[in-house]
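Before any comments, here is the structure.
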Amino acid sequence: YGGSDVGATYAVYELLEHWFDLKFYTPDCYTYTAKETVAFEELNLTSTPAVDHRTVGMYLTWYSSWTNLRRMRVSNAEDYMDRLGHSFFTLMPPAAYYNDHPEWYSNYQEGREDNWQLCLSNQEMRAQLLANVKAQLANQGDRTYFAIVQNDGEGFCTCDNCKALNLKYSNDATKYAGACLEVVNEIAAACAEEYPNVIFYMTAYTNFTCEPPTKNITAASNVGVMYAPIDCNRTY
């Protein structure tokens with residue numbers, strides 16, 4: 001556990017769990033086994049996380065020492081990510097493009113007023129999105145991860161071209177994971193030579209993108225998927 005600034009802190013909690021069966025359920029709710037004597041046998045424990053980054057989207061992880069208790073480093077995420085999540089409208093702000101290109105946004109087909117997502121099948125939109133990503137990378141090329149992530153909520157495009165794109169990668173026209181991955185793969189390929197150390201990532205998030213595509217596509221080597229199961233039980 002000594003490989004980083006927080007390694008010693010994590011090691012202390014690991015030893016408390018090992019010797020005293022310490023278990024945390026919330027920062028203020030925990031159990032342990034009281035002992036009158038403790039035999040400290042020689043230990044040589046090493047632990048390396050299986051994933052690069054993890055966080056839990058609830059207040060316990062943002063405003064308390066819970067991050068250390070659960071071995072979750074979240075406060076420094078912005079040091080290596082351009083954003084920690086939803087970025088479609090940061091990269092393609094409706095204020096800049098909607099008046100001239102309403103077809104780039106998902107509400108164009110249905111007359112909605114919410115502008116929730118991008119029309120992922122629109123090639124002109126994708127060209128502008130790539131240009132905007134490159135412009136941001138020119139100022140943020142030292143980032144390890146770059147978010148190309150759907151907006152929060154629903155509102156995905158239901159135009160015929162988007163339905164066809166979804167069916168290219170799934171048997172369900174309402175699943176958008178394959179379409180999102182196609183866009184991110186495309187951007188990653190265009191930026192790989194100039195930014196070889198950047199991982200471009202999307203999220204597996206909500207019912208629309210949580211299920212992986214079932215055919216015809218895999219993530220490129222410089223593409224990551226942040227699994228974000230918002231509907232799971234995050235109590236513990």
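Each chain in the structure tokens gets a letter, A, B and so on, in the order shown; residues start at 1 in every chain, and ligands are counted from 1 in the order they appear.
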
Near-Ala192 in chain A list (12 Å; only C-alpha atoms; drop same-chain fewer than 4 positions) as a PyMOL selection string:
chain A and resi 134+137+141+184-188+196-200+220-223

Prev. selection, all heavy atoms, output as a compact mmCIF listing (two decimals), in the first residue's frame:
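Listed below is the output, again.txt:
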# COMPACT_ATOMS: atom_id res chain seq x y z
N LYS A 134 -10.41 18.29 -30.43
CA LYS A 134 -9.03 18.64 -30.73
C LYS A 134 -8.67 20.01 -30.18
O LYS A 134 -7.55 20.22 -29.67
CB LYS A 134 -8.80 18.60 -32.24
CG LYS A 134 -8.74 17.19 -32.82
CD LYS A 134 -8.40 17.22 -34.30
CE LYS A 134 -8.17 15.82 -34.85
NZ LYS A 134 -7.81 15.85 -36.29
N LEU A 137 -8.13 19.59 -26.49
CA LEU A 137 -6.89 18.87 -26.23
C LEU A 137 -5.66 19.74 -26.42
O LEU A 137 -4.63 19.53 -25.78
CB LEU A 137 -6.80 17.64 -27.13
CG LEU A 137 -7.61 16.42 -26.71
CD1 LEU A 137 -7.60 15.38 -27.81
CD2 LEU A 137 -7.08 15.84 -25.41
N GLY A 141 -3.76 18.71 -23.26
CA GLY A 141 -3.13 17.51 -23.77
C GLY A 141 -2.42 16.68 -22.72
O GLY A 141 -2.00 15.54 -22.97
N VAL A 184 -16.89 7.59 -30.18
CA VAL A 184 -15.67 7.72 -29.38
C VAL A 184 -14.50 7.03 -30.06
O VAL A 184 -13.38 7.57 -30.08
CB VAL A 184 -15.89 7.15 -27.96
CG1 VAL A 184 -14.61 7.25 -27.14
CG2 VAL A 184 -17.02 7.91 -27.26
N ASN A 185 -14.72 5.86 -30.65
CA ASN A 185 -13.65 5.20 -31.41
C ASN A 185 -13.15 6.08 -32.54
O ASN A 185 -11.94 6.17 -32.80
CB ASN A 185 -14.17 3.88 -32.00
CG ASN A 185 -14.10 2.72 -31.02
OD1 ASN A 185 -13.52 2.83 -29.95
ND2 ASN A 185 -14.69 1.59 -31.40
N GLU A 186 -14.07 6.72 -33.22
CA GLU A 186 -13.72 7.59 -34.34
C GLU A 186 -12.86 8.76 -33.89
O GLU A 186 -11.84 9.08 -34.51
CB GLU A 186 -15.02 8.09 -35.00
CG GLU A 186 -14.85 8.99 -36.19
CD GLU A 186 -16.20 9.39 -36.77
OE1 GLU A 186 -16.72 8.63 -37.62
OE2 GLU A 186 -16.75 10.44 -36.36
N ILE A 187 -13.24 9.39 -32.80
CA ILE A 187 -12.47 10.52 -32.27
C ILE A 187 -11.11 10.04 -31.77
O ILE A 187 -10.08 10.68 -32.01
CB ILE A 187 -13.26 11.20 -31.15
CG1 ILE A 187 -14.49 11.90 -31.74
CG2 ILE A 187 -12.39 12.19 -30.37
CD1 ILE A 187 -15.46 12.46 -30.71
N ALA A 188 -11.10 8.91 -31.08
CA ALA A 188 -9.84 8.38 -30.55
C ALA A 188 -8.86 8.07 -31.67
O ALA A 188 -7.65 8.34 -31.55
CB ALA A 188 -10.12 7.12 -29.73
N PRO A 196 -0.97 10.30 -27.91
CA PRO A 196 -0.91 8.84 -27.71
C PRO A 196 -1.17 8.40 -26.28
O PRO A 196 -1.45 7.21 -26.06
CB PRO A 196 0.53 8.50 -28.14
CG PRO A 196 1.30 9.77 -27.90
CD PRO A 196 0.35 10.88 -28.24
N ASN A 197 -1.08 9.30 -25.31
CA ASN A 197 -1.25 8.92 -23.92
C ASN A 197 -2.64 9.20 -23.37
O ASN A 197 -2.90 8.98 -22.19
CB ASN A 197 -0.21 9.63 -23.05
CG ASN A 197 1.20 9.25 -23.41
OD1 ASN A 197 1.48 8.08 -23.68
ND2 ASN A 197 2.11 10.22 -23.43
N VAL A 198 -3.53 9.71 -24.21
CA VAL A 198 -4.88 10.05 -23.76
C VAL A 198 -5.83 8.88 -24.02
O VAL A 198 -5.84 8.30 -25.11
CB VAL A 198 -5.39 11.31 -24.48
CG1 VAL A 198 -6.85 11.59 -24.09
CG2 VAL A 198 -4.52 12.51 -24.14
N ILE A 199 -6.62 8.56 -23.01
CA ILE A 199 -7.70 7.58 -23.15
C ILE A 199 -9.01 8.36 -23.28
O ILE A 199 -9.36 9.16 -22.42
CB ILE A 199 -7.79 6.64 -21.93
CG1 ILE A 199 -6.48 5.87 -21.76
CG2 ILE A 199 -8.98 5.70 -22.07
CD1 ILE A 199 -6.19 4.91 -22.91
N PHE A 200 -9.72 8.13 -24.36
CA PHE A 200 -11.01 8.77 -24.59
C PHE A 200 -12.09 7.83 -24.05
O PHE A 200 -12.12 6.64 -24.39
CB PHE A 200 -11.22 9.03 -26.07
CG PHE A 200 -10.16 9.95 -26.65
CD1 PHE A 200 -8.95 9.43 -27.10
CD2 PHE A 200 -10.37 11.32 -26.71
CE1 PHE A 200 -7.97 10.26 -27.61
CE2 PHE A 200 -9.39 12.15 -27.21
CZ PHE A 200 -8.19 11.63 -27.66
N ALA A 220 -11.61 0.64 -29.02
CA ALA A 220 -10.23 0.74 -29.48
C ALA A 220 -9.29 0.72 -28.27
O ALA A 220 -9.71 0.91 -27.12
CB ALA A 220 -10.05 2.03 -30.28
N SER A 221 -8.01 0.53 -28.53
CA SER A 221 -7.05 0.40 -27.44
C SER A 221 -6.91 1.68 -26.63
O SER A 221 -6.49 1.64 -25.47
CB SER A 221 -5.68 -0.01 -28.00
OG SER A 221 -5.21 0.96 -28.93
N ASN A 222 -7.22 2.82 -27.22
CA ASN A 222 -7.14 4.10 -26.49
C ASN A 222 -8.53 4.62 -26.12
O ASN A 222 -8.73 5.83 -25.95
CB ASN A 222 -6.38 5.15 -27.30
CG ASN A 222 -7.02 5.44 -28.65
OD1 ASN A 222 -7.77 4.62 -29.19
ND2 ASN A 222 -6.71 6.61 -29.20
N VAL A 223 -9.48 3.71 -25.97
CA VAL A 223 -10.85 4.05 -25.57
C VAL A 223 -11.18 3.29 -24.29
O VAL A 223 -10.88 2.10 -24.16
CB VAL A 223 -11.86 3.70 -26.68
CG1 VAL A 223 -13.30 3.77 -26.16
CG2 VAL A 223 -11.67 4.65 -27.86

Using only C-alpha atoms, which residue out of A:Ile217, A:Ala189, A:Leu120, A:Cys210 lies closest to Pro229 in chain A?
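Closest residue, counting only C-alpha atoms: A:Cys210.
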
Would you please give, as a PyMOL selection string, all residues of range 12-230 of chain A that DSSP assigns to helix (DSSP H, G or I) based on the backbone?
chain A and resi 12-20+59-62+66-69+77-79+88-91+94-97+102-104+106-108+123-140+160-169+177-191+206-209

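Here CA of Thr46 in chain A is placed at a distance of 18.6 Å from CA of Leu22 in chain A.
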
Run DSSP on the backbone and grab whatever in range 162-213 of chain A lands in strand (DSSP E); send it over as a list in words.
Ile199, Phe200, Tyr201, Met202, Thr203, Ala204 and Tyr205 of chain A

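The nearest approach to Glu103 in chain A among the residues A:Gln123, A:Thr90, A:Asn44, A:Ser170, with only C-alpha atoms taken into account, belongs to A:Gln123.
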
Which residue out of A:Gln140, A:Asn132, A:Thr218, A:Asn207 has the minimum interatomic distance to Tyr169 in chain A when only C-alpha atoms are used?
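Selected residue with least distance to Tyr169 in chain A: A:Thr218.
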
Point out the residue among A:Thr206, A:Asn122, A:Gly153, A:Tyr201 with the least atom-to-atom distance to Leu165 in chain A, counting only C-alpha atoms.
A:Asn122

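In this comparison, which uses only C-alpha atoms, the residue of A:Glu193, A:Thr48, A:Gly85, A:Met125 approaching Tyr98 in chain A most closely is A:Met125.
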